[in-house]
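Next comes work-v1.txt, with compact mmCIF, C-alpha atoms.
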```txt
# COMPACT_ATOMS: atom_id res chain seq x y z
CA MET A 1 7.04 -5.50 -31.15
CA ALA A 2 6.42 -1.79 -30.93
CA TYR A 3 9.95 -0.49 -31.27
CA GLN A 4 10.85 -3.05 -33.91
CA SER A 5 8.02 -1.93 -36.13
CA LEU A 6 8.86 1.74 -35.60
CA ARG A 7 12.39 1.15 -36.70
CA ASP A 8 11.71 -1.21 -39.60
CA SER A 9 9.43 0.22 -42.24
CA ASP A 10 6.48 2.47 -42.94
CA ALA A 11 4.28 -0.55 -43.54
CA GLN A 12 5.05 -1.78 -40.06
CA ILE A 13 4.37 1.62 -38.58
CA GLU A 14 0.98 1.36 -40.21
CA ASN A 15 0.44 -2.00 -38.55
CA PHE A 16 1.35 -0.55 -35.21
CA ASN A 17 -1.01 2.34 -35.82
CA ARG A 18 -3.91 0.11 -36.61
CA ALA A 19 -3.28 -2.08 -33.61
CA ASN A 20 -2.76 0.66 -31.09
CA THR A 21 -4.47 3.71 -32.62
CA VAL A 22 -1.28 5.76 -32.55
CA ASN A 23 -0.65 8.02 -35.52
CA LEU A 24 2.87 9.24 -36.15
CA PRO A 25 2.93 10.99 -39.55
CA ARG A 26 6.30 12.56 -40.33
CA GLN A 27 6.83 16.24 -39.56
CA THR A 28 3.86 16.29 -37.19
CA HIS A 29 3.99 17.66 -33.72
CA LEU A 30 4.09 14.65 -31.42
CA SER A 31 1.78 15.92 -28.70
CA ALA A 32 -0.92 16.68 -31.25
CA VAL A 33 -1.26 13.10 -32.39
CA LEU A 34 -0.20 10.88 -29.53
CA ARG A 35 -3.18 9.56 -27.65
CA LEU A 36 -1.18 8.86 -24.55
CA ALA A 37 -3.90 7.30 -22.42
CA GLN A 38 -4.72 4.79 -25.14
CA ILE A 39 -1.19 3.45 -25.26
CA GLY A 40 -0.98 3.28 -21.48
CA SER A 41 0.98 6.45 -20.80
CA ILE A 42 0.52 9.85 -19.21
CA MET A 43 1.93 13.29 -20.01
CA GLY A 44 3.67 13.68 -16.64
CA SER A 45 6.24 16.44 -16.77
CA GLY A 46 6.26 16.27 -20.57
CA GLY A 47 9.57 14.42 -20.77
CA LEU A 48 10.25 11.99 -23.57
CA ILE A 49 12.74 9.15 -23.52
CA VAL A 50 13.96 7.64 -26.77
CA MET A 51 15.06 4.03 -26.61
CA ASP A 52 16.28 1.51 -29.14
CA GLU A 53 16.72 -2.26 -29.19
CA THR A 54 19.65 -2.10 -26.76
CA SER A 55 17.31 -1.01 -23.96
CA CYS A 56 15.97 -3.94 -22.00
CA MET A 57 12.30 -3.26 -21.30
CA VAL A 58 12.32 -5.25 -18.06
CA ASP A 59 15.25 -3.19 -16.83
CA VAL A 60 13.47 0.00 -17.92
CA ALA A 61 10.45 -1.06 -15.83
CA ARG A 62 12.76 -1.89 -12.93
CA PHE A 63 14.42 1.53 -13.19
CA PHE A 64 11.10 3.37 -13.03
CA MET A 65 9.92 1.20 -10.15
CA GLU A 66 13.13 2.03 -8.27
CA PHE A 67 12.33 5.71 -8.76
CA CYS A 68 8.78 5.28 -7.41
CA MET A 69 10.06 3.19 -4.49
CA ASP A 70 12.48 5.97 -3.55
CA GLU A 71 9.87 8.69 -4.00
CA SER A 72 7.07 6.93 -2.06
CA CYS A 73 6.21 8.93 1.04
CA GLY A 74 5.27 5.81 2.98
CA LYS A 75 1.85 6.88 4.18
CA CYS A 76 -0.25 4.20 2.46
CA ILE A 77 0.67 0.55 2.54
CA PRO A 78 0.14 -0.46 -1.13
CA CYS A 79 2.61 2.16 -2.35
CA ARG A 80 5.13 1.90 0.51
CA ALA A 81 5.40 -1.90 0.59
CA GLY A 82 4.06 -2.66 -2.91
CA THR A 83 6.71 -0.71 -4.82
CA VAL A 84 9.40 -2.46 -2.76
CA GLN A 85 8.03 -5.90 -3.64
CA MET A 86 7.47 -5.01 -7.31
CA HIS A 87 11.02 -3.69 -7.55
CA ASP A 88 12.32 -6.88 -5.97
CA ILE A 89 10.43 -9.05 -8.49
CA LEU A 90 11.65 -6.94 -11.45
CA ARG A 91 15.22 -7.08 -10.15
CA ARG A 92 14.98 -10.86 -9.89
CA ILE A 93 13.65 -11.09 -13.46
CA THR A 94 16.68 -9.13 -14.71
CA THR A 95 19.08 -11.45 -12.86
CA GLY A 96 17.27 -14.57 -14.06
CA GLU A 97 16.06 -15.59 -10.59
CA ALA A 98 12.34 -15.17 -11.24
CA ASN A 99 9.74 -17.71 -12.31
CA GLU A 100 6.25 -17.72 -13.83
CA ASP A 101 4.58 -17.10 -10.43
CA ASP A 102 6.57 -13.90 -9.99
CA LEU A 103 5.20 -12.62 -13.30
CA GLU A 104 1.64 -13.31 -12.11
CA MET A 105 2.32 -11.56 -8.79
CA LEU A 106 3.70 -8.58 -10.72
CA LYS A 107 0.36 -8.25 -12.51
CA THR A 108 -1.61 -8.72 -9.29
CA LEU A 109 0.45 -6.06 -7.52
CA SER A 110 0.02 -3.70 -10.48
CA ASP A 111 -3.75 -3.91 -10.03
CA LEU A 112 -3.47 -3.39 -6.27
CA LEU A 113 -1.31 -0.28 -6.56
CA ARG A 114 -3.41 1.23 -9.33
CA GLU A 115 -6.70 0.70 -7.52
CA THR A 116 -5.87 1.23 -3.84
CA SER A 117 -2.97 3.69 -3.57
CA LEU A 118 -3.74 6.96 -1.85
CA CYS A 119 -2.21 9.34 -4.38
CA GLY A 120 -1.12 9.63 -7.97
CA LEU A 121 2.40 8.37 -7.31
CA GLY A 122 1.24 4.94 -6.19
CA GLN A 123 -1.62 4.83 -8.66
CA THR A 124 0.69 5.38 -11.63
CA ALA A 125 3.76 3.55 -10.28
CA PRO A 126 2.81 0.29 -12.04
CA ASN A 127 2.27 2.00 -15.44
CA PRO A 128 5.74 1.17 -16.84
CA VAL A 129 5.23 -2.45 -15.78
CA ILE A 130 1.73 -2.66 -17.25
CA SER A 131 2.73 -1.15 -20.59
CA THR A 132 5.99 -3.10 -20.97
CA LEU A 133 4.05 -6.28 -20.16
CA LYS A 134 1.51 -5.29 -22.80
CA TYR A 135 3.91 -4.33 -25.60
CA PHE A 136 6.98 -6.43 -24.80
CA PRO A 137 5.76 -9.65 -23.15
CA GLN A 138 8.33 -11.67 -25.06
CA GLU A 139 11.17 -9.82 -23.30
CA TYR A 140 9.78 -10.86 -19.91
CA GLU A 141 9.34 -14.43 -21.13
CA ALA A 142 12.91 -14.61 -22.49
CA HIS A 143 14.28 -13.52 -19.10
CA ILE A 144 12.11 -15.95 -17.15
CA HIS A 145 12.08 -19.06 -19.34
CA GLU A 146 15.31 -18.84 -21.32
CA LYS A 147 17.35 -16.85 -18.76
CA ARG A 148 18.34 -14.59 -21.63
CA CYS A 149 18.12 -10.82 -22.13
CA PRO A 150 17.11 -10.08 -25.76
CA ALA A 151 18.62 -6.58 -25.53
CA GLY A 152 21.90 -7.98 -24.22
CA HIS A 153 21.71 -5.63 -21.27
CA CYS A 154 20.95 -7.80 -18.23
CA HIS A 155 23.57 -9.92 -16.57
CA MET A 156 22.18 -13.25 -15.45
CA THR A 157 23.65 -14.29 -12.14
CA ALA A 158 24.80 -17.75 -11.10
CA ALA A 159 21.76 -17.97 -8.82
CA GLY A 160 19.56 -17.29 -11.83
CA GLN A 161 21.29 -19.99 -13.89
CA GLU A 162 20.66 -22.44 -11.06
CA VAL A 163 16.94 -21.71 -11.14
CA ALA A 164 17.00 -22.50 -14.87
CA SER A 165 18.70 -25.88 -14.56
CA MET B 1 -29.99 16.84 12.06
CA ASN B 2 -30.29 15.54 8.53
CA VAL B 3 -30.42 11.83 7.93
CA ASN B 4 -29.33 9.99 4.79
CA THR B 5 -30.53 6.57 3.73
CA LEU B 6 -28.24 4.35 1.73
CA GLN B 7 -27.58 0.73 0.88
CA ILE B 8 -24.53 -1.10 2.25
CA ASP B 9 -24.12 -4.74 1.21
CA ARG B 10 -27.79 -4.96 0.17
CA LYS B 11 -28.88 -3.68 3.58
CA MET B 12 -30.82 -0.43 3.90
CA VAL B 13 -29.17 1.76 6.54
CA THR B 14 -29.46 5.31 7.77
CA GLY B 15 -26.79 7.66 9.06
CA ARG B 16 -26.30 11.28 9.99
CA GLU B 17 -25.39 13.55 7.09
CA GLY B 18 -21.63 13.91 6.86
CA ASP B 19 -20.85 10.63 8.64
CA ALA B 20 -18.31 8.39 6.96
CA ILE B 21 -19.45 5.20 5.23
CA PHE B 22 -17.16 3.31 7.61
CA ALA B 23 -18.85 4.59 10.76
CA VAL B 24 -22.37 3.98 9.45
CA ALA B 25 -21.44 0.44 8.34
CA TRP B 26 -20.00 -0.44 11.77
CA GLU B 27 -23.07 0.99 13.53
CA HIS B 28 -25.15 -1.47 11.51
CA GLY B 29 -22.98 -4.48 12.19
CA ILE B 30 -21.06 -4.42 8.90
CA HIS B 31 -17.47 -4.67 10.05
CA ILE B 32 -15.21 -3.24 7.37
CA PRO B 33 -11.57 -4.19 8.12
CA ARG B 34 -9.20 -1.43 9.23
CA LEU B 35 -5.82 -0.90 10.84
CA CYS B 36 -5.21 2.86 10.85
CA HIS B 37 -8.70 3.92 11.99
CA ILE B 38 -9.58 4.00 15.67
CA GLY B 39 -12.75 5.58 17.02
CA GLY B 40 -12.10 8.98 18.62
CA LEU B 41 -9.12 9.97 16.48
CA SER B 42 -9.04 11.69 13.11
CA ASP B 43 -8.83 9.46 10.03
CA VAL B 44 -5.90 9.42 7.63
CA GLY B 45 -6.96 6.75 5.10
CA ALA B 46 -3.50 5.22 5.15
CA CYS B 47 -4.05 1.47 5.50
CA ARG B 48 -6.37 1.21 2.46
CA LEU B 49 -8.06 -1.83 4.01
CA CYS B 50 -11.46 -0.12 4.35
CA MET B 51 -11.75 0.57 0.62
CA VAL B 52 -15.22 -0.06 -0.74
CA GLU B 53 -16.98 -0.16 -4.09
CA ILE B 54 -19.57 2.54 -4.70
CA GLU B 55 -22.06 2.02 -7.52
CA GLY B 56 -21.52 4.47 -10.35
CA GLN B 57 -17.93 5.21 -9.33
CA LYS B 58 -15.06 3.57 -11.13
CA ARG B 59 -12.55 4.15 -8.36
CA LEU B 60 -12.52 2.42 -5.00
CA GLN B 61 -12.96 4.76 -2.05
CA ALA B 62 -11.55 4.65 1.46
CA SER B 63 -14.75 4.32 3.49
CA CYS B 64 -13.27 6.02 6.57
CA LEU B 65 -12.90 9.27 4.61
CA THR B 66 -15.92 9.11 2.29
CA PRO B 67 -19.11 10.71 3.63
CA ILE B 68 -22.41 8.98 3.01
CA GLN B 69 -24.83 10.30 0.41
CA GLU B 70 -28.55 9.80 -0.03
CA GLY B 71 -29.27 6.76 -2.19
CA MET B 72 -25.66 5.56 -2.30
CA VAL B 73 -25.11 1.86 -3.05
CA VAL B 74 -21.99 0.54 -1.33
CA ARG B 75 -20.38 -2.88 -1.42
CA THR B 76 -17.83 -3.68 1.27
CA ASP B 77 -17.04 -7.32 0.60
CA THR B 78 -16.53 -8.28 -3.05
CA PRO B 79 -13.96 -10.75 -4.45
CA ARG B 80 -11.91 -7.80 -5.77
CA LEU B 81 -11.85 -6.06 -2.37
CA ARG B 82 -11.08 -9.30 -0.57
CA GLN B 83 -8.14 -9.95 -2.89
CA HIS B 84 -6.79 -6.43 -2.34
CA ARG B 85 -7.14 -6.68 1.46
CA LYS B 86 -5.37 -10.01 1.55
CA LEU B 87 -2.51 -8.61 -0.51
CA ILE B 88 -2.19 -5.52 1.69
CA VAL B 89 -1.96 -7.60 4.88
CA GLU B 90 0.57 -9.91 3.20
CA LEU B 91 2.63 -6.86 2.21
CA LEU B 92 2.61 -5.72 5.86
CA LEU B 93 3.61 -9.15 7.14
CA ALA B 94 6.55 -9.27 4.72
CA GLU B 95 7.62 -5.67 5.35
CA ARG B 96 9.06 -6.02 8.86
CA ASN B 97 9.52 -8.76 11.45
CA HIS B 98 6.03 -9.87 12.43
CA ILE B 99 6.85 -13.06 14.25
CA CYS B 100 3.82 -13.76 16.42
CA SER B 101 5.38 -16.57 18.45
CA VAL B 102 7.81 -14.16 20.13
CA CYS B 103 5.58 -11.07 20.22
CA VAL B 104 4.15 -9.41 23.34
CA ALA B 105 0.84 -8.82 21.55
CA ASP B 106 0.35 -12.42 20.35
CA GLY B 107 -3.35 -13.25 20.70
CA ALA B 108 -4.42 -9.62 21.00
CA CYS B 109 -2.97 -8.20 17.81
CA GLU B 110 -5.14 -6.52 15.19
CA LEU B 111 -2.77 -7.45 12.37
CA GLN B 112 -2.76 -11.07 13.48
CA SER B 113 -6.53 -11.36 13.82
CA LEU B 114 -7.10 -9.62 10.50
CA ALA B 115 -4.68 -12.00 8.75
CA ALA B 116 -6.58 -14.93 10.30
CA ALA B 117 -9.96 -13.49 9.30
CA LEU B 118 -8.77 -13.04 5.70
CA GLY B 119 -7.53 -16.63 5.59
CA ILE B 120 -3.86 -15.80 5.17
CA ASP B 121 -1.92 -18.98 5.89
CA HIS B 122 1.23 -18.01 4.02
CA VAL B 123 2.87 -14.90 2.59
CA ARG B 124 3.55 -14.88 -1.13
CA PHE B 125 6.25 -12.21 -0.88
CA ARG B 126 9.87 -12.39 0.13
CA TYR B 127 10.30 -11.26 3.72
CA ARG B 128 12.34 -8.07 3.88
CA PHE B 129 13.69 -8.64 7.41
CA PRO B 130 15.09 -5.11 7.90
CA THR B 131 17.37 -4.54 10.87
CA LEU B 132 15.50 -2.09 13.08
CA PRO B 133 16.21 -0.90 16.61
CA VAL B 134 14.14 -1.44 19.75
CA ASP B 135 13.84 1.63 22.00
CA THR B 136 13.61 0.65 25.67
CA SER B 137 14.95 3.91 27.06
CA HIS B 138 11.60 4.86 28.62
CA GLU B 139 11.20 3.62 32.18
CA ARG B 140 7.70 2.17 31.70
CA PHE B 141 7.25 1.52 27.99
CA GLY B 142 9.10 0.10 24.99
CA LEU B 143 8.98 0.64 21.21
CA ASP B 144 9.84 -2.16 18.82
CA HIS B 145 10.09 -0.76 15.28
CA ASN B 146 10.11 -4.30 13.92
CA ARG B 147 6.41 -4.70 14.78
CA CYS B 148 5.37 -1.22 13.64
CA ILE B 149 2.97 -0.98 10.67
CA LEU B 150 3.14 2.85 10.55
CA CYS B 151 -0.60 3.28 11.16
CA THR B 152 0.22 6.55 13.03
CA ARG B 153 -2.41 5.93 15.71
CA CYS B 154 0.24 6.76 18.36
CA VAL B 155 1.10 9.98 16.53
CA ARG B 156 -2.54 11.04 16.40
CA VAL B 157 -3.51 10.08 19.95
CA CYS B 158 -0.48 11.94 21.34
CA ASP B 159 -1.28 15.02 19.28
CA GLU B 160 -5.09 15.09 19.41
CA ILE B 161 -5.91 13.66 22.82
CA GLU B 162 -2.87 14.19 25.02
CA GLY B 163 -1.77 17.35 23.21
CA ALA B 164 1.92 16.54 23.58
CA HIS B 165 2.79 15.58 19.99
CA THR B 166 5.79 13.58 21.12
CA TRP B 167 5.48 11.12 18.23
CA ASP B 168 5.90 11.74 14.54
CA VAL B 169 7.15 9.97 11.44
CA CYS B 170 10.65 10.48 10.07
CA GLY B 171 12.05 9.33 6.77
CA ARG B 172 9.91 8.23 3.86
CA GLY B 173 8.79 5.19 1.93
CA ALA B 174 9.93 1.88 3.35
CA ASN B 175 12.45 3.75 5.52
CA SER B 176 9.78 5.57 7.51
CA LEU B 177 10.13 5.30 11.28
CA ILE B 178 8.11 6.53 14.23
CA ILE B 179 10.24 8.95 16.28
CA SER B 180 9.84 10.71 19.60
CA ASP B 181 10.60 14.44 19.59
CA LEU B 182 13.38 15.05 17.05
CA GLY B 183 14.70 11.52 17.12
CA GLU B 184 15.88 11.42 20.73
CA PRO B 185 15.44 8.14 22.62
CA TRP B 186 11.92 7.97 24.09
CA GLY B 187 13.25 8.06 27.65
CA GLU B 188 14.99 11.38 26.98
CA SER B 189 11.97 13.01 25.35
CA GLU B 190 11.06 16.31 26.99
CA SER B 191 7.54 16.48 25.58
CA CYS B 192 6.44 12.97 26.60
CA THR B 193 4.12 13.01 29.62
CA SER B 194 4.39 9.22 30.09
CA CYS B 195 0.59 8.96 29.87
CA GLY B 196 0.78 5.71 27.90
CA LYS B 197 -2.08 6.50 25.52
CA CYS B 198 0.06 5.56 22.52
CA VAL B 199 0.70 2.16 24.07
CA GLN B 200 -3.03 1.54 24.46
CA VAL B 201 -3.95 2.37 20.84
CA CYS B 202 -1.14 0.46 19.10
CA PRO B 203 -2.68 -2.29 16.92
CA THR B 204 0.37 -4.58 17.04
CA GLY B 205 3.19 -5.28 19.45
CA ALA B 206 5.19 -2.18 18.48
CA LEU B 207 4.40 -0.21 21.64
CA PHE B 208 4.28 -2.22 24.86
CA ASP B 209 4.44 -2.03 28.64
CA LYS B 210 7.82 -2.97 29.99
CA GLY B 211 7.78 -6.20 31.93
CA LYS B 212 5.24 -7.86 29.67
CA THR B 213 6.49 -10.98 27.99
CA ILE B 214 5.20 -13.04 25.05
CA ALA B 215 1.42 -12.79 24.58
CA GLU B 216 0.98 -10.86 27.83
CA MET B 217 0.29 -7.44 26.37
CA ARG B 218 -3.41 -6.51 26.58
CA ARG B 219 -4.72 -3.05 25.82
CA ASP B 220 -7.40 -0.84 27.33
CA ARG B 221 -9.07 1.42 24.80
CA GLY B 222 -11.94 2.56 27.03
CA PHE B 223 -10.22 5.83 27.90
CA LEU B 224 -10.45 7.06 24.31
CA LYS B 225 -14.24 6.93 24.13
CA TYR B 226 -14.51 8.38 27.66
CA ILE B 227 -12.27 11.39 26.97
CA VAL B 228 -13.69 12.13 23.52
CA THR B 229 -17.33 11.93 24.73
CA ALA B 230 -16.63 13.87 27.90
CA ARG B 231 -14.96 16.68 26.00
CA LYS B 232 -17.85 16.83 23.56
CA GLU B 233 -20.59 16.72 26.23
CA LYS B 234 -18.55 18.73 28.76
CA GLN B 235 -19.36 16.16 31.42
CA TRP B 236 -16.70 14.14 33.22
CA ILE B 237 -18.75 11.40 34.79
CA GLY B 238 -17.35 7.87 34.56
```

Take the structure in the file and give it back as structure tokens.
Amino acid sequence: MAYQSLRDSDAQIENFNRANTVNLPRQTHLSAVLRLAQIGSIMGSGGLIVMDETSCMVDVARFFMEFCMDESCGKCIPCRAGTVQMHDILRRITTGEANEDDLEMLKTLSDLLRETSLCGLGQTAPNPVISTLKYFPQEYEAHIHEKRCPAGHCHMTAAGQEVAS
Amino acid sequence: MNVNTLQIDRKMVTGREGDAIFAVAWEHGIHIPRLCHIGGLSDVGACRLCMVEIEGQKRLQASCLTPIQEGMVVRTDTPRLRQHRKLIVELLLAERNHICSVCVADGACELQSLAAALGIDHVRFRYRFPTLPVDTSHERFGLDHNRCILCTRCVRVCDEIEGAHTWDVCGRGANSLIISDLGEPWGESESCTSCGKCVQVCPTGALFDKGKTIAEMRRDRGFLKYIVTARKEKQWIG
């Protein structure tokens, strides 16, 4: 929804603005207008990643979860074991092996990590999952119900096809 | 000595200024679940099971590390906390090989009794089943990494009470492992005094006496209170 409107027309950008209180007038400095917290993001190191419709949002979430899983120090349990399980669920969604329950568990784990992790890494690890679920739920649903990747990025495995049939 | 009065689970309680919510709650019969805390050792707030809700604060706080304050209103057992605790224990059960039926600590395991108390009858996650070694190089004790929950009680008791600091954690994330010295087998450790304190504080079947078989491992924690009190009072009377 979000990236489609940004790429389509000014009218749709307006729609997106109204819905999510993000203003992106042309020629304006991005940091001055982006209300990051309101769209479920943080400044972090200040990096910006530009994606188009060929990026699969589930795979993007999986990539960031893999990063957090590797970076977790292992001291607290929610972050150490939670990122591993969240990564496993996201990986199974991208291969078509996941079902509706996995999606629910992904949301439950997101809440756990955000609320109980010891430090900022674990607390913000579920952010990419939470915001992709918020802005691109249809991509998750296509992977789970139709065993199809709308971006044409994910390769559905035979095991995934079996789950579907 | 200053005393603070606060409310925990609708019960008015008092505690010494600077005491942790966790300690005050336990003194008054409110048993907040925990796996990394053990009385007499420093707290690390790693297991996240003792998290509580404090009125006026949006974030949950680890009660073992949060000091009490006058007039504080604390809730230790809400549906949200119960759900989080259940999930944390399930994550632990799925993380390594916690198979009670073949464990030395069966029947006297803190992880097992906590899972039972929280009503966990199945694990909703995929078991990871990592392949981890068992170190039986020590002549009296053994270490089974498959049962380890990385609570670091052994690390702390060895450092703070025995003063040997044989144990520590190597690696990070899910690959973390407890190691003796710089990764040498336990039996070859030069710093280990073979006192066995680590074995007594282990909450699961990770550290055990050699020769004990399934469900035979029982632990004696009395020494911890004795040593800590004696050092504080400077009196060594049993």

At a cut-off of 12 Å, which residues of chain B touch chain A? Count only C-alpha atoms and give the answer as number ranges by chain. B: 35-36, 44-53, 58-63, 65, 80-96, 123-128, 149-152, 169-178

As a count of residues only, please: the residues near Asp159 (chain B) (cut-off 12 Å, only C-alpha atoms, same-chain neighbours under 2 positions excluded). 23

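With CA of Gly40 (chain B) on one side and CA of Cys195 (chain B) on the other, the separation reads 17.0 Å.
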
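By chain and then residue number, the residues within 12 Å of Asp59 (chain A) are Thr54, Phe64, Met65, Glu66, His87, Asp88, Ile89, Leu90, Arg91, Arg92, Ile93, Thr94, Thr95, Gly96, Pro128, Val129, Thr132, Phe136, Glu139, Tyr140, His143, Cys149, Pro150, Ala151, Gly152, His153, Cys154 and His155 of chain A, counting all atoms listed in the file and disregarding those fewer than 5 positions away in sequence.
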
Could you state the separation of CA of Ile99 (chain B) and CA of Ala115 (chain B) in Å, given to one decimal place?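 Between these atoms lies a distance of 12.8 Å.
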
Considering only C-alpha atoms, return as a list in words whatever protein or nucleic-acid residues lie within 8 Å of Glu188 (chain B), sequence-local ones (same chain, fewer than 2 positions apart) excluded. Ser137, His138, Glu184, Pro185, Trp186 and Glu190 of chain B

Atomic separation - CA of Glu104 (chain A) relative to CA of Gly44 (chain A), Å: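 Between CA of Gly44 (chain A) and CA of Glu104 (chain A) the gap works out to 27.4 Å.
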
Which residue gives the smallest distance to Arg147 (chain B) among B:Ala105, B:Leu114, B:His98, B:Thr131, with only C-alpha atoms counted?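 Of the candidates, the smallest distance to Arg147 (chain B) is held by B:His98.
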
Pick from B:Asp106, B:Glu216, B:Asp19, B:Asp144, whichever lies nearest to Pro67 (chain B) using all atoms listed in the file: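 For Pro67 (chain B), the nearest of the given residues is B:Asp19.
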
I'd like the neighbourhood of Lys210 (chain B) as a ChimeraX atom specification, where a residue qualifies if any of its atoms comes within 7 Å (using only C-alpha atoms), though same-chain residues fewer than 4 positions away should be ignored. /B:140-142

Non-local contacts of Trp236 (chain B) (12 Å; all atoms listed in the file; under 6 positions in same chain excluded) as JSON, numbers by chain: {"B": [223, 225, 226, 227, 228, 229, 230]}

Here is a test: counting only C-alpha atoms, which residue of B:Gln200, B:Glu233, B:Cys148, B:Phe208 is nearest to Asp220 (chain B)?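 So, comparing all the options, the nearest one is B:Gln200.
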
Show me as a list in words the residues that reach within 12 Å of (-34.9, 10.0, 5.5), counting all atoms listed in the file and using the file's own coordinates. Met1, Asn2, Val3, Asn4, Thr5, Leu6, Met12, Val13, Thr14, Gly15, Arg16, Glu17, Gln69, Glu70 and Gly71 of chain B

Nearest candidate to Ser113 (chain B) (options B:Ala23, B:Thr213, B:His145, B:Cys100; using all atoms listed in the file): B:Cys100

Output region 134-177 of chain B from the block with C-alpha atoms, as a PDB file, in the first residue's frame?
```
ATOM      1  CA  VAL B 134      28.723 -32.796  27.524  1.00  0.00           C
ATOM      2  CA  ASP B 135      31.867 -32.122  29.577  1.00  0.00           C
ATOM      3  CA  THR B 136      32.607 -34.996  31.960  1.00  0.00           C
ATOM      4  CA  SER B 137      36.334 -34.346  32.250  1.00  0.00           C
ATOM      5  CA  HIS B 138      36.071 -33.308  35.914  1.00  0.00           C
ATOM      6  CA  GLU B 139      36.499 -36.205  38.325  1.00  0.00           C
ATOM      7  CA  ARG B 140      33.474 -35.351  40.493  1.00  0.00           C
ATOM      8  CA  PHE B 141      31.141 -33.215  38.389  1.00  0.00           C
ATOM      9  CA  GLY B 142      29.678 -33.007  34.892  1.00  0.00           C
ATOM     10  CA  LEU B 143      28.382 -30.202  32.649  1.00  0.00           C
ATOM     11  CA  ASP B 144      25.652 -30.851  30.106  1.00  0.00           C
ATOM     12  CA  HIS B 145      25.293 -27.799  27.846  1.00  0.00           C
ATOM     13  CA  ASN B 146      22.036 -29.222  26.510  1.00  0.00           C
ATOM     14  CA  ARG B 147      20.289 -28.467  29.821  1.00  0.00           C
ATOM     15  CA  CYS B 148      21.904 -25.049  30.334  1.00  0.00           C
ATOM     16  CA  ILE B 149      19.613 -21.994  30.298  1.00  0.00           C
ATOM     17  CA  LEU B 150      22.534 -19.516  30.591  1.00  0.00           C
ATOM     18  CA  CYS B 151      21.274 -18.047  33.877  1.00  0.00           C
ATOM     19  CA  THR B 152      24.955 -17.477  34.861  1.00  0.00           C
ATOM     20  CA  ARG B 153      24.368 -18.470  38.491  1.00  0.00           C
ATOM     21  CA  CYS B 154      27.446 -20.738  38.265  1.00  0.00           C
ATOM     22  CA  VAL B 155      29.499 -17.869  36.860  1.00  0.00           C
ATOM     23  CA  ARG B 156      28.448 -15.560  39.689  1.00  0.00           C
ATOM     24  CA  VAL B 157      28.797 -18.027  42.563  1.00  0.00           C
ATOM     25  CA  CYS B 158      32.294 -18.993  41.382  1.00  0.00           C
ATOM     26  CA  ASP B 159      33.331 -15.364  41.073  1.00  0.00           C
ATOM     27  CA  GLU B 160      31.563 -13.788  44.064  1.00  0.00           C
ATOM     28  CA  ILE B 161      31.565 -16.533  46.677  1.00  0.00           C
ATOM     29  CA  GLU B 162      34.422 -18.875  45.826  1.00  0.00           C
ATOM     30  CA  GLY B 163      36.552 -16.150  44.247  1.00  0.00           C
ATOM     31  CA  ALA B 164      37.915 -18.471  41.576  1.00  0.00           C
ATOM     32  CA  HIS B 165      36.056 -17.174  38.502  1.00  0.00           C
ATOM     33  CA  THR B 166      36.519 -20.453  36.680  1.00  0.00           C
ATOM     34  CA  TRP B 167      33.260 -20.067  34.759  1.00  0.00           C
ATOM     35  CA  ASP B 168      32.327 -17.495  32.176  1.00  0.00           C
ATOM     36  CA  VAL B 169      30.259 -17.190  29.022  1.00  0.00           C
ATOM     37  CA  CYS B 170      31.766 -17.475  25.553  1.00  0.00           C
ATOM     38  CA  GLY B 171      30.156 -16.705  22.236  1.00  0.00           C
ATOM     39  CA  ARG B 172      27.007 -14.662  21.877  1.00  0.00           C
ATOM     40  CA  GLY B 173      23.322 -14.918  21.109  1.00  0.00           C
ATOM     41  CA  ALA B 174      22.009 -18.434  20.721  1.00  0.00           C
ATOM     42  CA  ASN B 175      25.599 -19.681  20.419  1.00  0.00           C
ATOM     43  CA  SER B 176      26.530 -18.642  23.955  1.00  0.00           C
ATOM     44  CA  LEU B 177      28.131 -21.363  26.048  1.00  0.00           C
TER      45      LEU B 177
END
```
